[in-house]
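Peer 1: Below you'll find the structure I mean.
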Amino acid sequence: MQKKLLVTAVGLLVLGLSVGKGVMSGWAASRGNMVVFSANWCASCREVLPIVHDVASQNGMGVTEIDVDSQTAPKQARALGLSMPNDEPPQVFYVDRGRATLLYNGKNFKFGYPDAVRAALLQNLQRSQP
């Protein structure tokens, strides 16, 4: 189920900050949330999403899912301060205080190794936090 984040006055306005494949270009998401670019047809997305939700829950974060095939996806991404990623889904970003960090790139996914996905998310999440 897709959760929608309301970007409020507590968001930070950051223009033109590069973040790997995405670019911060507007109001950033609320502090400390994961944003997942996924697709209904994406088998690896179906395996990764529950892991992302679990890791986020264990770390007190929310998750926003953006369906890359949706006509509203670019608008949703912009509302969170991101641009659409260039790589195939799933793409998982950590957005905190106007900064976005790529936590997981779906091109590295291998079926049957959920612990590798969890480890990558946790390792990159730890690196992204001050």
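As shown in the structure tokens, the chain order sets the letters A, B, ...; within each chain, residues go from 1, and ligands are also counted from 1 in the order they appear.
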Got a sec: who's within 7 Å of Val63 (chain A), counting only C-alpha atoms, leaving out chain neighbours fewer than 4 positions off, as a count of residues only?
Peer 2: 6
Peer 1: Mind checking which residues fall within 8 Å of Pro89 (chain A), counting only C-alpha atoms, ignoring those fewer than 6 positions away in the same chain, and posting them as a PDB file with C-alpha atoms, in the first residue's frame?
Peer 2:
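Dumped everything to result-v3.pdb:
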ATOM      1  CA  PHE A  37      10.707   3.448  -7.016  1.00  0.00           C
ATOM      2  CA  SER A  38       9.039   0.185  -8.061  1.00  0.00           C
ATOM      3  CA  ALA A  39       6.690  -1.310 -10.657  1.00  0.00           C
ATOM      4  CA  CYS A  42       8.847  -6.049 -11.365  1.00  0.00           C
ATOM      5  CA  CYS A  45      10.393  -5.277  -6.469  1.00  0.00           C
ATOM      6  CA  VAL A  68       7.453   4.181 -12.046  1.00  0.00           C
ATOM      7  CA  ASN A 105      19.966  -0.338  -6.741  1.00  0.00           C
ATOM      8  CA  GLY A 106      17.795  -3.101  -8.205  1.00  0.00           C
ATOM      9  CA  LYS A 107      20.384  -3.974 -10.843  1.00  0.00           C
TER      10      LYS A 107
END
Peer 1: What separation in Å, quoted to one decimal, exists between CA of Asn40 (chain A) and CA of Phe109 (chain A)?
Peer 2: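 These atoms are spaced 16.4 Å apart.
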Peer 1: Restricting the calculation to only C-alpha atoms, which member of A:Thr72, A:Glu88, A:Val36, A:Val117 is positioned closest to Leu102 (chain A)?
Peer 2: A:Val36
Peer 1: Which polymer residues have any atom within 8 Å of an atom of Val48 (chain A), counting only C-alpha atoms, with same-chain residues fewer than 4 positions away left out, as a PyMOL selection string?
Peer 2: chain A and resi 44+52+90+114+117
Peer 1: Taking the DSSP secondary structure from the backbone, can you list the residues of region 33-92 of chain A that are strand (DSSP E), as a ChimeraX atom specification?
Peer 2: /A:33-38,62-67,91-92
Peer 1: What would the file look like if the residues just selected were written as a CSV table (one decimal), in the first residue's frame with N, CA and C atoms?
Peer 2:
chain,number,residue,atom,x,y,z
A,33,ASN,N,13.1,9.2,5.8
A,33,ASN,CA,12.1,8.3,5.2
A,33,ASN,C,12.8,7.6,4.0
A,34,MET,N,12.3,6.4,3.7
A,34,MET,CA,12.7,5.7,2.5
A,34,MET,C,11.7,5.9,1.4
A,35,VAL,N,12.3,6.1,0.2
A,35,VAL,CA,11.4,6.3,-1.0
A,35,VAL,C,11.8,5.1,-2.0
A,36,VAL,N,10.8,4.4,-2.4
A,36,VAL,CA,11.1,3.2,-3.2
A,36,VAL,C,10.4,3.4,-4.6
A,37,PHE,N,11.2,3.4,-5.7
A,37,PHE,CA,10.7,3.4,-7.0
A,37,PHE,C,10.6,2.0,-7.4
A,38,SER,N,9.3,1.6,-7.7
A,38,SER,CA,9.0,0.2,-8.1
A,38,SER,C,8.0,0.1,-9.2
A,62,GLY,N,9.4,6.0,7.8
A,62,GLY,CA,8.3,5.7,6.9
A,62,GLY,C,8.8,5.3,5.5
A,63,VAL,N,7.9,4.7,4.7
A,63,VAL,CA,8.2,4.3,3.3
A,63,VAL,C,7.2,4.9,2.4
A,64,THR,N,7.7,5.5,1.3
A,64,THR,CA,6.8,6.0,0.3
A,64,THR,C,7.2,5.2,-1.0
A,65,GLU,N,6.2,4.6,-1.6
A,65,GLU,CA,6.4,3.8,-2.8
A,65,GLU,C,5.9,4.6,-4.0
A,66,ILE,N,6.7,4.7,-5.0
A,66,ILE,CA,6.3,5.4,-6.2
A,66,ILE,C,6.4,4.3,-7.4
A,67,ASP,N,5.2,4.1,-8.0
A,67,ASP,CA,5.1,3.2,-9.2
A,67,ASP,C,5.7,4.0,-10.4
A,91,GLN,N,14.5,0.9,-6.9
A,91,GLN,CA,15.5,1.9,-6.5
A,91,GLN,C,15.0,2.4,-5.1
A,92,VAL,N,15.9,2.3,-4.1
A,92,VAL,CA,15.5,2.7,-2.8
A,92,VAL,C,16.4,3.9,-2.4
Peer 1: What separation in Å, quoted to one decimal, exists between CA of Asn124 (chain A) and CA of Gln71 (chain A)?
Peer 2: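 Pair CA of Asn124 (chain A) / CA of Gln71 (chain A) returns 29.7 Å.
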Peer 1: Could you tell me how far CA of Val95 (chain A) sits from CA of Leu125 (chain A), in Å to one decimal place?
Peer 2: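 For CA of Leu125 (chain A) relative to CA of Val95 (chain A), the distance reads 10.2 Å.
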